[in-house]
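J.: This one is work_18.pdb, PDB, C-alpha atoms.
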ATOM      1  CA  PHE T   1    -120.055-177.439-107.175  1.00  0.00           C
ATOM      2  CA  CYS T   2    -118.808-177.341-110.753  1.00  0.00           C
ATOM      3  CA  MET T   3    -116.069-174.957-111.902  1.00  0.00           C
ATOM      4  CA  ASP T   4    -115.182-173.864-115.418  1.00  0.00           C
ATOM      5  CA  ARG T   5    -112.067-175.661-116.594  1.00  0.00           C
ATOM      6  CA  TYR T   6    -110.599-172.435-118.031  1.00  0.00           C
ATOM      7  CA  GLU T   7    -110.691-168.725-117.269  1.00  0.00           C
ATOM      8  CA  TRP T   8    -113.418-166.720-119.042  1.00  0.00           C
ATOM      9  CA  PRO T   9    -114.462-167.288-121.783  1.00  0.00           C
ATOM     10  CA  ASN T  10    -113.838-170.918-120.718  1.00  0.00           C
ATOM     11  CA  LYS T  11    -112.269-171.948-124.012  1.00  0.00           C
ATOM     12  CA  LYS T  12    -108.999-173.814-124.337  1.00  0.00           C
ATOM     13  CA  GLY T  13    -106.457-171.892-126.387  1.00  0.00           C
ATOM     14  CA  VAL T  14    -108.113-168.482-125.857  1.00  0.00           C
ATOM     15  CA  LYS T  15    -106.412-165.846-123.714  1.00  0.00           C
ATOM     16  CA  PRO T  16    -108.500-164.962-120.664  1.00  0.00           C
ATOM     17  CA  ARG T  17    -110.517-161.763-120.567  1.00  0.00           C
ATOM     18  CA  THR T  18    -109.297-159.109-118.111  1.00  0.00           C
ATOM     19  CA  LEU T  19    -110.163-155.415-117.517  1.00  0.00           C
ATOM     20  CA  THR T  20    -113.497-156.577-116.100  1.00  0.00           C
ATOM     21  CA  THR T  21    -115.166-155.394-112.894  1.00  0.00           C
ATOM     22  CA  TRP T  22    -116.533-157.824-110.330  1.00  0.00           C
ATOM     23  CA  PRO T  23    -120.174-156.872-111.142  1.00  0.00           C
ATOM     24  CA  GLU T  24    -119.509-157.356-114.874  1.00  0.00           C
ATOM     25  CA  ALA T  25    -117.953-160.764-114.215  1.00  0.00           C
ATOM     26  CA  ARG T  26    -120.857-161.708-111.958  1.00  0.00           C
ATOM     27  CA  LYS T  27    -123.372-160.672-114.627  1.00  0.00           C
ATOM     28  CA  MET T  28    -121.552-162.552-117.402  1.00  0.00           C
ATOM     29  CA  CYS T  29    -121.538-165.731-115.307  1.00  0.00           C
ATOM     30  CA  ALA T  30    -125.255-165.281-114.514  1.00  0.00           C
ATOM     31  CA  GLU T  31    -126.050-164.936-118.219  1.00  0.00           C
ATOM     32  CA  ARG T  32    -124.722-168.496-118.617  1.00  0.00           C
ATOM     33  CA  GLY T  33    -126.672-169.791-115.633  1.00  0.00           C
ATOM     34  CA  LYS T  34    -123.602-169.680-113.391  1.00  0.00           C
ATOM     35  CA  ARG T  35    -122.048-167.471-110.723  1.00  0.00           C
ATOM     36  CA  LEU T  36    -118.649-166.320-109.552  1.00  0.00           C
ATOM     37  CA  CYS T  37    -116.779-168.952-107.565  1.00  0.00           C
ATOM     38  CA  THR T  38    -116.508-168.514-103.808  1.00  0.00           C
ATOM     39  CA  THR T  39    -113.173-168.263-102.010  1.00  0.00           C
ATOM     40  CA  HIS T  40    -113.692-171.743-100.542  1.00  0.00           C
ATOM     41  CA  GLU T  41    -114.506-173.274-103.925  1.00  0.00           C
ATOM     42  CA  PHE T  42    -111.416-171.683-105.456  1.00  0.00           C
ATOM     43  CA  ASN T  43    -109.237-172.969-102.606  1.00  0.00           C
ATOM     44  CA  PHE T  44    -110.550-176.532-102.875  1.00  0.00           C
ATOM     45  CA  ALA T  45    -110.284-176.652-106.669  1.00  0.00           C
ATOM     46  CA  CYS T  46    -106.732-175.284-106.525  1.00  0.00           C
ATOM     47  CA  GLU T  47    -105.317-177.116-103.477  1.00  0.00           C
ATOM     48  CA  GLY T  48    -107.120-180.425-103.816  1.00  0.00           C
ATOM     49  CA  GLN T  49    -107.606-182.721-100.851  1.00  0.00           C
ATOM     50  CA  SER T  50    -103.887-182.631-100.045  1.00  0.00           C
ATOM     51  CA  MET T  51    -104.069-178.828 -99.607  1.00  0.00           C
ATOM     52  CA  LYS T  52    -101.099-178.082-101.869  1.00  0.00           C
ATOM     53  CA  PRO T  53    -100.009-174.428-101.776  1.00  0.00           C
ATOM     54  CA  HIS T  54     -99.611-174.408-105.570  1.00  0.00           C
ATOM     55  CA  VAL T  55    -101.924-176.076-108.060  1.00  0.00           C
ATOM     56  CA  TYR T  56     -99.008-178.277-109.252  1.00  0.00           C
ATOM     57  CA  GLY T  57     -97.524-179.198-105.846  1.00  0.00           C
ATOM     58  CA  HIS T  58     -95.723-178.095-102.712  1.00  0.00           C
ATOM     59  CA  GLN T  59     -92.669-176.359-104.195  1.00  0.00           C
ATOM     60  CA  ARG T  60     -92.910-173.152-106.249  1.00  0.00           C
ATOM     61  CA  ASP T  61     -92.017-173.838-109.896  1.00  0.00           C
ATOM     62  CA  ASP T  62     -92.017-170.895-112.307  1.00  0.00           C
ATOM     63  CA  THR T  63     -92.077-173.266-115.296  1.00  0.00           C
ATOM     64  CA  ALA T  64     -95.349-175.005-114.374  1.00  0.00           C
ATOM     65  CA  CYS T  65     -97.692-171.988-114.634  1.00  0.00           C
ATOM     66  CA  ASN T  66     -97.545-168.555-116.244  1.00  0.00           C
ATOM     67  CA  ILE T  67     -95.991-166.799-113.219  1.00  0.00           C
ATOM     68  CA  ASP T  68     -92.968-164.694-112.272  1.00  0.00           C
ATOM     69  CA  ARG T  69     -92.777-162.813-115.558  1.00  0.00           C
ATOM     70  CA  PRO T  70     -90.919-159.497-115.336  1.00  0.00           C
ATOM     71  CA  TYR T  71     -92.996-156.595-114.090  1.00  0.00           C
ATOM     72  CA  ILE T  72     -93.608-153.902-116.729  1.00  0.00           C
ATOM     73  CA  ALA T  73     -94.617-150.505-115.374  1.00  0.00           C
ATOM     74  CA  ARG T  74     -98.142-149.387-116.191  1.00  0.00           C
ATOM     75  CA  THR T  75     -98.264-145.879-117.662  1.00  0.00           C
ATOM     76  CA  PHE T  76    -101.852-145.780-118.898  1.00  0.00           C
ATOM     77  CA  ASN T  77    -105.328-145.538-117.354  1.00  0.00           C
ATOM     78  CA  TYR T  78    -107.089-148.445-119.003  1.00  0.00           C
ATOM     79  CA  LYS T  79    -110.701-148.522-120.056  1.00  0.00           C
ATOM     80  CA  ARG T  80    -112.727-151.645-119.340  1.00  0.00           C
ATOM     81  CA  TRP T  81    -112.336-154.587-121.745  1.00  0.00           C
ATOM     82  CA  ASP T  82    -114.827-153.822-124.527  1.00  0.00           C
ATOM     83  CA  LYS T  83    -113.957-150.130-124.700  1.00  0.00           C
ATOM     84  CA  CYS T  84    -110.221-150.797-124.475  1.00  0.00           C
ATOM     85  CA  MET T  85    -110.287-153.357-127.294  1.00  0.00           C
ATOM     86  CA  LYS T  86    -112.055-150.762-129.507  1.00  0.00           C
ATOM     87  CA  ASN T  87    -109.672-147.930-128.589  1.00  0.00           C
ATOM     88  CA  GLU T  88    -106.371-148.062-130.495  1.00  0.00           C
ATOM     89  CA  ALA T  89    -104.276-146.307-127.818  1.00  0.00           C
ATOM     90  CA  CYS T  90    -105.691-148.444-125.011  1.00  0.00           C
ATOM     91  CA  ARG T  91    -105.326-151.690-126.953  1.00  0.00           C
ATOM     92  CA  LYS T  92    -101.746-150.828-127.955  1.00  0.00           C
ATOM     93  CA  GLU T  93    -100.746-150.097-124.345  1.00  0.00           C
ATOM     94  CA  TYR T  94    -102.537-153.240-123.170  1.00  0.00           C
ATOM     95  CA  ASP T  95    -100.612-155.306-125.719  1.00  0.00           C
ATOM     96  CA  ARG T  96     -97.347-153.789-124.424  1.00  0.00           C
ATOM     97  CA  LEU T  97     -98.024-155.075-120.900  1.00  0.00           C
ATOM     98  CA  ASP T  98     -99.909-158.253-121.699  1.00  0.00           C
ATOM     99  CA  GLN T  99     -98.164-161.495-120.771  1.00  0.00           C
ATOM    100  CA  ARG T 100    -101.229-163.778-120.666  1.00  0.00           C
ATOM    101  CA  HIS T 101    -100.984-167.229-122.205  1.00  0.00           C
ATOM    102  CA  PRO T 102    -103.818-169.039-123.975  1.00  0.00           C
ATOM    103  CA  ALA T 103    -105.972-170.957-121.483  1.00  0.00           C
ATOM    104  CA  GLY T 104    -104.799-174.509-120.873  1.00  0.00           C
ATOM    105  CA  SER T 105    -101.528-174.029-122.762  1.00  0.00           C
ATOM    106  CA  MET T 106     -99.354-174.996-119.788  1.00  0.00           C
ATOM    107  CA  PRO T 107    -100.143-178.689-119.221  1.00  0.00           C
ATOM    108  CA  ARG T 108     -98.551-178.828-115.738  1.00  0.00           C
ATOM    109  CA  CYS T 109    -100.671-175.889-114.518  1.00  0.00           C
ATOM    110  CA  VAL T 110    -103.706-178.052-113.798  1.00  0.00           C
ATOM    111  CA  SER T 111    -105.403-179.016-110.548  1.00  0.00           C
ATOM    112  CA  ASP T 112    -106.146-182.529-109.339  1.00  0.00           C
ATOM    113  CA  HIS T 113    -109.681-181.882-110.637  1.00  0.00           C
ATOM    114  CA  GLY T 114    -108.610-180.879-114.176  1.00  0.00           C
ATOM    115  CA  VAL T 115    -108.985-177.099-113.765  1.00  0.00           C
ATOM    116  CA  TYR T 116    -106.302-175.049-115.567  1.00  0.00           C
ATOM    117  CA  ASP T 117    -104.471-171.844-114.695  1.00  0.00           C
ATOM    118  CA  LEU T 118    -105.707-171.407-111.129  1.00  0.00           C
ATOM    119  CA  ASN T 119    -102.235-170.048-110.343  1.00  0.00           C
ATOM    120  CA  GLY T 120    -100.930-167.294-112.589  1.00  0.00           C
ATOM    121  CA  ASN T 121    -102.029-166.153-116.026  1.00  0.00           C
ATOM    122  CA  ALA T 122    -104.756-163.795-114.715  1.00  0.00           C
ATOM    123  CA  ASN T 123    -105.956-162.890-111.232  1.00  0.00           C
ATOM    124  CA  GLU T 124    -109.505-164.133-110.700  1.00  0.00           C
ATOM    125  CA  TRP T 125    -112.478-162.415-109.097  1.00  0.00           C
ATOM    126  CA  VAL T 126    -114.202-164.512-106.435  1.00  0.00           C
ATOM    127  CA  MET T 127    -117.142-164.038-104.076  1.00  0.00           C
ATOM    128  CA  ARG T 128    -116.304-163.450-100.411  1.00  0.00           C
ATOM    129  CA  GLU T 129    -119.255-165.240 -98.835  1.00  0.00           C
ATOM    130  CA  LYS T 130    -119.669-163.242 -95.618  1.00  0.00           C
ATOM    131  CA  ALA T 131    -118.658-159.814 -96.908  1.00  0.00           C
ATOM    132  CA  ARG T 132    -121.048-156.936 -97.638  1.00  0.00           C
ATOM    133  CA  PRO T 133    -121.086-154.582-100.642  1.00  0.00           C
ATOM    134  CA  PRO T 134    -118.842-153.089-101.904  1.00  0.00           C
ATOM    135  CA  LYS T 135    -116.339-155.571-100.403  1.00  0.00           C
ATOM    136  CA  ARG T 136    -117.842-158.886-101.540  1.00  0.00           C
ATOM    137  CA  SER T 137    -115.102-159.089-104.148  1.00  0.00           C
ATOM    138  CA  GLY T 138    -111.785-160.851-103.725  1.00  0.00           C
ATOM    139  CA  ILE T 139    -108.940-161.684-106.096  1.00  0.00           C
ATOM    140  CA  LYS T 140    -107.292-165.111-106.022  1.00  0.00           C
ATOM    141  CA  GLY T 141    -104.668-167.188-107.795  1.00  0.00           C
ATOM    142  CA  GLY T 142    -102.184-164.546-108.845  1.00  0.00           C
ATOM    143  CA  TRP T 143    -101.320-163.370-112.337  1.00  0.00           C
ATOM    144  CA  TRP T 144     -98.329-163.571-114.678  1.00  0.00           C
ATOM    145  CA  GLY T 145     -96.264-161.096-112.656  1.00  0.00           C
ATOM    146  CA  PRO T 146     -93.886-161.777-109.761  1.00  0.00           C
ATOM    147  CA  VAL T 147     -96.574-161.985-107.051  1.00  0.00           C
ATOM    148  CA  ARG T 148     -98.144-164.452-104.590  1.00  0.00           C
ATOM    149  CA  ASN T 149     -99.298-167.041-107.213  1.00  0.00           C
ATOM    150  CA  ARG T 150    -100.533-169.594-104.690  1.00  0.00           C
ATOM    151  CA  CYS T 151    -103.908-171.144-103.969  1.00  0.00           C
ATOM    152  CA  ARG T 152    -104.864-169.770-100.558  1.00  0.00           C
ATOM    153  CA  PRO T 153    -103.913-166.027-100.497  1.00  0.00           C
ATOM    154  CA  ILE T 154    -106.584-163.479-101.369  1.00  0.00           C
ATOM    155  CA  THR T 155    -106.451-159.774-102.134  1.00  0.00           C
ATOM    156  CA  THR T 156    -109.407-157.995-100.520  1.00  0.00           C
ATOM    157  CA  PHE T 157    -108.705-154.283-100.898  1.00  0.00           C
ATOM    158  CA  HIS T 158    -110.180-153.982-104.414  1.00  0.00           C
ATOM    159  CA  ILE T 159    -113.826-152.961-104.283  1.00  0.00           C
ATOM    160  CA  GLU T 160    -116.400-154.445-106.624  1.00  0.00           C
ATOM    161  CA  GLY T 161    -116.160-151.690-109.243  1.00  0.00           C
ATOM    162  CA  ASP T 162    -112.378-151.947-109.725  1.00  0.00           C
ATOM    163  CA  TRP T 163    -110.748-153.495-112.773  1.00  0.00           C
ATOM    164  CA  GLY T 164    -107.183-154.157-113.872  1.00  0.00           C
ATOM    165  CA  TYR T 165    -105.214-155.328-116.869  1.00  0.00           C
ATOM    166  CA  GLU T 166    -104.334-158.481-114.909  1.00  0.00           C
ATOM    167  CA  VAL T 167    -107.775-159.282-113.388  1.00  0.00           C
ATOM    168  CA  GLY T 168    -110.066-161.856-114.979  1.00  0.00           C
ATOM    169  CA  PHE T 169    -112.495-164.510-113.710  1.00  0.00           C
ATOM    170  CA  ARG T 170    -114.076-167.916-114.213  1.00  0.00           C
ATOM    171  CA  CYS T 171    -117.508-169.199-113.277  1.00  0.00           C
ATOM    172  CA  CYS T 172    -118.928-171.859-110.982  1.00  0.00           C
ATOM    173  CA  LYS T 173    -122.350-173.312-110.316  1.00  0.00           C
ATOM    174  CA  ASP T 174    -123.978-175.700-107.928  1.00  0.00           C
ATOM    175  CA  SER T 175    -123.608-179.346-108.913  1.00  0.00           C
ATOM    176  CA  SER T 176    -127.386-179.766-108.870  1.00  0.00           C
ATOM    177  CA  SER T 177    -127.535-177.592-112.015  1.00  0.00           C
ATOM    178  CA  LYS T 178    -127.307-179.334-115.346  1.00  0.00           C
ATOM    179  CA  ALA T 179    -123.956-178.779-117.099  1.00  0.00           C
ATOM    180  CA  SER T 180    -124.203-176.647-120.217  1.00  0.00           C
ATOM    181  CA  GLU T 181    -120.539-176.090-121.090  1.00  0.00           C
ATOM    182  CA  LYS T 182    -118.576-178.862-122.739  1.00  0.00           C
ATOM    183  CA  ASP T 183    -115.430-177.640-120.948  1.00  0.00           C
ATOM    184  CA  GLU T 184    -117.067-177.607-117.528  1.00  0.00           C
ATOM    185  CA  LEU T 185    -116.115-180.373-115.167  1.00  0.00           C
ATOM    186  CA  PRO T 186    -118.400-182.456-112.976  1.00  0.00           C
ATOM    187  CA  PRO T 187    -117.964-182.153-109.216  1.00  0.00           C
ATOM    188  CA  PRO T 188    -114.616-183.670-108.069  1.00  0.00           C
ATOM    189  CA  GLU T 189    -116.225-186.643-106.317  1.00  0.00           C
ATOM    190  CA  LYS T 190    -117.790-187.789-109.617  1.00  0.00           C
ATOM    191  CA  ARG T 191    -114.550-187.716-111.673  1.00  0.00           C
TER     192      ARG T 191
END
Have the structure of the file written as structure tokens, please.

T.:
Amino acid sequence: FCMDRYEWPNKKGVKPRTLTTWPEARKMCAERGKRLCTTHEFNFACEGQSMKPHVYGHQRDDTACNIDRPYIARTFNYKRWDKCMKNEACRKEYDRLDQRHPAGSMPRCVSDHGVYDLNGNANEWVMREKARPPKRSGIKGGWWGPVRNRCRPITTFHIEGDWGYEVGFRCCKDSSSKASEKDELPPPEKR
């Protein structure tokens, strides 16, 4: 499989999109000829062959990735991304809580395969392969807050239509497909 190097919109230096439901993320990936990554793909891309618990190694390091930032209480019911960015009150409250970093801006937060920000920055929607609707969705990687921020754990209680100010995504596709993104990596065995 191939995985986007950066969180959506897969552009270095751009903060990842959040406030997106699992079906929206799935549709946006499909529009680019891709799909949401599976839990197993996320784990392999993050852990590498040595099965590291963190993308950068075996010991937790809050300077390597955008993690362990202070929690700021949410006091607003956010709209989804496009509507929130157009609504002054929503955007202002989002900006108050937002602690995302531009994609790829933390050079030590990179996997053995060259994929950035798999731990921290934004939670990422993934596909739970054997689950049925509305529980096919999972959230991996952790976000900027003081949470799990490791490769293997997954949050499964959010249904497909949920969204959050900390939840984003990235896309994958089968390696047999022709690469169309300049920032997309070839399968690990071909690097």

J.: Calculated over only C-alpha atoms, which of the candidates T:Thr18, T:Thr63, T:Ser111, T:Ser176 has the smallest distance to Cys46 of chain T?

T.: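 So, comparing all the options, the nearest one is T:Ser111.
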
J.: One decimal, in Å: what's the spacing between atom CA of Glu124 of chain T and atom CA of Arg170 of chain T?

T.: 6.9 Å

J.: Using the chain letters and numbers from this file, what does the PyMOL selection byres ((chain T and resi 7) around 8) select? Give the answer as number ranges by chain.

T.: T: 4-6, 8-11, 16-17, 103, 116-117, 168-171

J.: Please report the interatomic distance between atom CA of Leu36 of chain T and atom CA of Met127 of chain T in Å with one decimal.

T.: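 Atom CA of Met127 of chain T lies at a distance of 6.1 Å from atom CA of Leu36 of chain T.
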
J.: Residue by residue, what does the PyMOL selection byres ((chain T and resi 113) around 7) grab here? Present the result as a CSV table (one decimal) with C-alpha atoms, in the coordinates of the input.

T.:
chain,number,residue,atom,x,y,z
T,45,ALA,CA,-110.3,-176.7,-106.7
T,111,SER,CA,-105.4,-179.0,-110.5
T,112,ASP,CA,-106.1,-182.5,-109.3
T,114,GLY,CA,-108.6,-180.9,-114.2
T,115,VAL,CA,-109.0,-177.1,-113.8
T,188,PRO,CA,-114.6,-183.7,-108.1

J.: Which distance in Å separates atom CA of Arg35 of chain T and atom CA of Asn149 of chain T, to one decimal?

T.: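 We find that atom CA of Arg35 of chain T and atom CA of Asn149 of chain T lie 23.0 Å from each other.
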
J.: How would you write, as a ChimeraX atom specification, the residues chosen by the PyMOL selection byres ((chain T and resi 42) around 9) on this structure?

T.: /T:3,37-41,43-47,118,126,140-141,151-152

J.: List every residue of segment 17-76 of chain T that has an atom at most 7 Å from any atom of segment 154-164 of chain T, giving for each one its closest atom pair and the distance in Å to one decimal, counting all atoms listed in the file, sorted by chain and then by ascending residue number, as JSON lines.

T.:
{"residue": "T:Thr18", "atom": "CA", "partner": "T:Gly164", "partner_atom": "CA", "distance": 6.9}
{"residue": "T:Leu19", "atom": "CA", "partner": "T:Gly164", "partner_atom": "CA", "distance": 4.9}
{"residue": "T:Thr20", "atom": "CA", "partner": "T:Trp163", "partner_atom": "CA", "distance": 5.3}
{"residue": "T:Thr21", "atom": "CA", "partner": "T:Trp163", "partner_atom": "CA", "distance": 4.8}
{"residue": "T:Trp22", "atom": "CA", "partner": "T:Glu160", "partner_atom": "CA", "distance": 5.0}
{"residue": "T:Pro23", "atom": "CA", "partner": "T:Glu160", "partner_atom": "CA", "distance": 6.4}

J.: Is it possible to add all heavy atoms to segment 161-172 of chain T and hand it back as a PDB file, in the frame of the given file?

T.:
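Result file selection-v2.pdb:
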ATOM      1  N   GLY T 161    -116.200-152.427-107.981  1.00  0.00           N
ATOM      2  CA  GLY T 161    -116.160-151.690-109.243  1.00  0.00           C
ATOM      3  C   GLY T 161    -114.780-151.529-109.844  1.00  0.00           C
ATOM      4  O   GLY T 161    -114.631-150.945-110.910  1.00  0.00           O
ATOM      5  N   ASP T 162    -113.744-152.053-109.193  1.00  0.00           N
ATOM      6  CA  ASP T 162    -112.378-151.947-109.725  1.00  0.00           C
ATOM      7  C   ASP T 162    -112.179-152.877-110.913  1.00  0.00           C
ATOM      8  O   ASP T 162    -112.903-153.865-111.074  1.00  0.00           O
ATOM      9  CB  ASP T 162    -111.355-152.303-108.643  1.00  0.00           C
ATOM     10  CG  ASP T 162    -111.232-151.252-107.562  1.00  0.00           C
ATOM     11  OD1 ASP T 162    -111.751-150.130-107.746  1.00  0.00           O
ATOM     12  OD2 ASP T 162    -110.624-151.557-106.525  1.00  0.00           O
ATOM     13  N   TRP T 163    -111.168-152.592-111.703  1.00  0.00           N
ATOM     14  CA  TRP T 163    -110.748-153.495-112.773  1.00  0.00           C
ATOM     15  C   TRP T 163    -109.258-153.291-112.991  1.00  0.00           C
ATOM     16  O   TRP T 163    -108.693-152.281-112.607  1.00  0.00           O
ATOM     17  CB  TRP T 163    -111.541-153.281-114.070  1.00  0.00           C
ATOM     18  CG  TRP T 163    -111.261-151.997-114.787  1.00  0.00           C
ATOM     19  CD1 TRP T 163    -110.305-151.768-115.746  1.00  0.00           C
ATOM     20  CD2 TRP T 163    -111.942-150.747-114.632  1.00  0.00           C
ATOM     21  NE1 TRP T 163    -110.356-150.467-116.179  1.00  0.00           N
ATOM     22  CE2 TRP T 163    -111.353-149.820-115.507  1.00  0.00           C
ATOM     23  CE3 TRP T 163    -112.991-150.327-113.823  1.00  0.00           C
ATOM     24  CZ2 TRP T 163    -111.787-148.500-115.606  1.00  0.00           C
ATOM     25  CZ3 TRP T 163    -113.410-149.013-113.920  1.00  0.00           C
ATOM     26  CH2 TRP T 163    -112.807-148.121-114.808  1.00  0.00           C
ATOM     27  N   GLY T 164    -108.610-154.255-113.604  1.00  0.00           N
ATOM     28  CA  GLY T 164    -107.183-154.157-113.872  1.00  0.00           C
ATOM     29  C   GLY T 164    -106.804-154.968-115.095  1.00  0.00           C
ATOM     30  O   GLY T 164    -107.515-155.895-115.483  1.00  0.00           O
ATOM     31  N   TYR T 165    -105.667-154.631-115.663  1.00  0.00           N
ATOM     32  CA  TYR T 165    -105.214-155.328-116.869  1.00  0.00           C
ATOM     33  C   TYR T 165    -104.849-156.785-116.572  1.00  0.00           C
ATOM     34  O   TYR T 165    -104.729-157.588-117.475  1.00  0.00           O
ATOM     35  CB  TYR T 165    -104.031-154.603-117.519  1.00  0.00           C
ATOM     36  CG  TYR T 165    -102.766-154.568-116.691  1.00  0.00           C
ATOM     37  CD1 TYR T 165    -101.813-155.579-116.811  1.00  0.00           C
ATOM     38  CD2 TYR T 165    -102.516-153.533-115.805  1.00  0.00           C
ATOM     39  CE1 TYR T 165    -100.652-155.554-116.058  1.00  0.00           C
ATOM     40  CE2 TYR T 165    -101.355-153.497-115.053  1.00  0.00           C
ATOM     41  CZ  TYR T 165    -100.435-154.504-115.177  1.00  0.00           C
ATOM     42  OH  TYR T 165     -99.282-154.473-114.431  1.00  0.00           O
ATOM     43  N   GLU T 166    -104.709-157.124-115.289  1.00  0.00           N
ATOM     44  CA  GLU T 166    -104.334-158.481-114.909  1.00  0.00           C
ATOM     45  C   GLU T 166    -105.479-159.253-114.250  1.00  0.00           C
ATOM     46  O   GLU T 166    -105.300-160.392-113.860  1.00  0.00           O
ATOM     47  CB  GLU T 166    -103.123-158.433-113.976  1.00  0.00           C
ATOM     48  CG  GLU T 166    -103.417-158.055-112.546  1.00  0.00           C
ATOM     49  CD  GLU T 166    -103.801-156.601-112.274  1.00  0.00           C
ATOM     50  OE1 GLU T 166    -103.841-155.777-113.195  1.00  0.00           O
ATOM     51  OE2 GLU T 166    -104.099-156.294-111.111  1.00  0.00           O
ATOM     52  N   VAL T 167    -106.676-158.657-114.141  1.00  0.00           N
ATOM     53  CA  VAL T 167    -107.775-159.282-113.388  1.00  0.00           C
ATOM     54  C   VAL T 167    -108.843-159.849-114.320  1.00  0.00           C
ATOM     55  O   VAL T 167    -109.459-159.126-115.095  1.00  0.00           O
ATOM     56  CB  VAL T 167    -108.432-158.284-112.407  1.00  0.00           C
ATOM     57  CG1 VAL T 167    -109.531-158.978-111.598  1.00  0.00           C
ATOM     58  CG2 VAL T 167    -107.392-157.681-111.476  1.00  0.00           C
ATOM     59  N   GLY T 168    -109.040-161.158-114.213  1.00  0.00           N
ATOM     60  CA  GLY T 168    -110.066-161.856-114.979  1.00  0.00           C
ATOM     61  C   GLY T 168    -110.990-162.620-114.038  1.00  0.00           C
ATOM     62  O   GLY T 168    -111.144-162.259-112.875  1.00  0.00           O
ATOM     63  N   PHE T 169    -111.566-163.725-114.523  1.00  0.00           N
ATOM     64  CA  PHE T 169    -112.495-164.510-113.710  1.00  0.00           C
ATOM     65  C   PHE T 169    -112.813-165.821-114.391  1.00  0.00           C
ATOM     66  O   PHE T 169    -112.477-166.027-115.554  1.00  0.00           O
ATOM     67  CB  PHE T 169    -113.791-163.729-113.444  1.00  0.00           C
ATOM     68  CG  PHE T 169    -114.614-163.457-114.668  1.00  0.00           C
ATOM     69  CD1 PHE T 169    -115.723-164.227-114.961  1.00  0.00           C
ATOM     70  CD2 PHE T 169    -114.285-162.426-115.534  1.00  0.00           C
ATOM     71  CE1 PHE T 169    -116.497-163.987-116.097  1.00  0.00           C
ATOM     72  CE2 PHE T 169    -115.044-162.160-116.668  1.00  0.00           C
ATOM     73  CZ  PHE T 169    -116.149-162.944-116.945  1.00  0.00           C
ATOM     74  N   ARG T 170    -113.454-166.702-113.671  1.00  0.00           N
ATOM     75  CA  ARG T 170    -114.076-167.916-114.213  1.00  0.00           C
ATOM     76  C   ARG T 170    -115.362-168.125-113.430  1.00  0.00           C
ATOM     77  O   ARG T 170    -115.572-167.495-112.414  1.00  0.00           O
ATOM     78  CB  ARG T 170    -113.153-169.129-114.146  1.00  0.00           C
ATOM     79  CG  ARG T 170    -112.988-169.745-112.795  1.00  0.00           C
ATOM     80  CD  ARG T 170    -112.101-170.993-112.836  1.00  0.00           C
ATOM     81  NE  ARG T 170    -110.716-170.611-113.028  1.00  0.00           N
ATOM     82  CZ  ARG T 170    -109.870-171.253-113.833  1.00  0.00           C
ATOM     83  NH1 ARG T 170    -110.250-172.338-114.482  1.00  0.00           N
ATOM     84  NH2 ARG T 170    -108.636-170.850-113.983  1.00  0.00           N
ATOM     85  N   CYS T 171    -116.198-169.014-113.891  1.00  0.00           N
ATOM     86  CA  CYS T 171    -117.508-169.199-113.277  1.00  0.00           C
ATOM     87  C   CYS T 171    -117.634-170.564-112.610  1.00  0.00           C
ATOM     88  O   CYS T 171    -116.945-171.512-112.970  1.00  0.00           O
ATOM     89  CB  CYS T 171    -118.613-169.061-114.320  1.00  0.00           C
ATOM     90  SG  CYS T 171    -118.596-167.507-115.229  1.00  0.00           S
ATOM     91  N   CYS T 172    -118.563-170.627-111.678  1.00  0.00           N
ATOM     92  CA  CYS T 172    -118.928-171.859-110.982  1.00  0.00           C
ATOM     93  C   CYS T 172    -120.449-171.989-110.990  1.00  0.00           C
ATOM     94  O   CYS T 172    -121.151-171.050-111.355  1.00  0.00           O
ATOM     95  CB  CYS T 172    -118.456-171.816-109.526  1.00  0.00           C
ATOM     96  SG  CYS T 172    -116.704-172.117-109.285  1.00  0.00           S
TER      97      CYS T 172
END
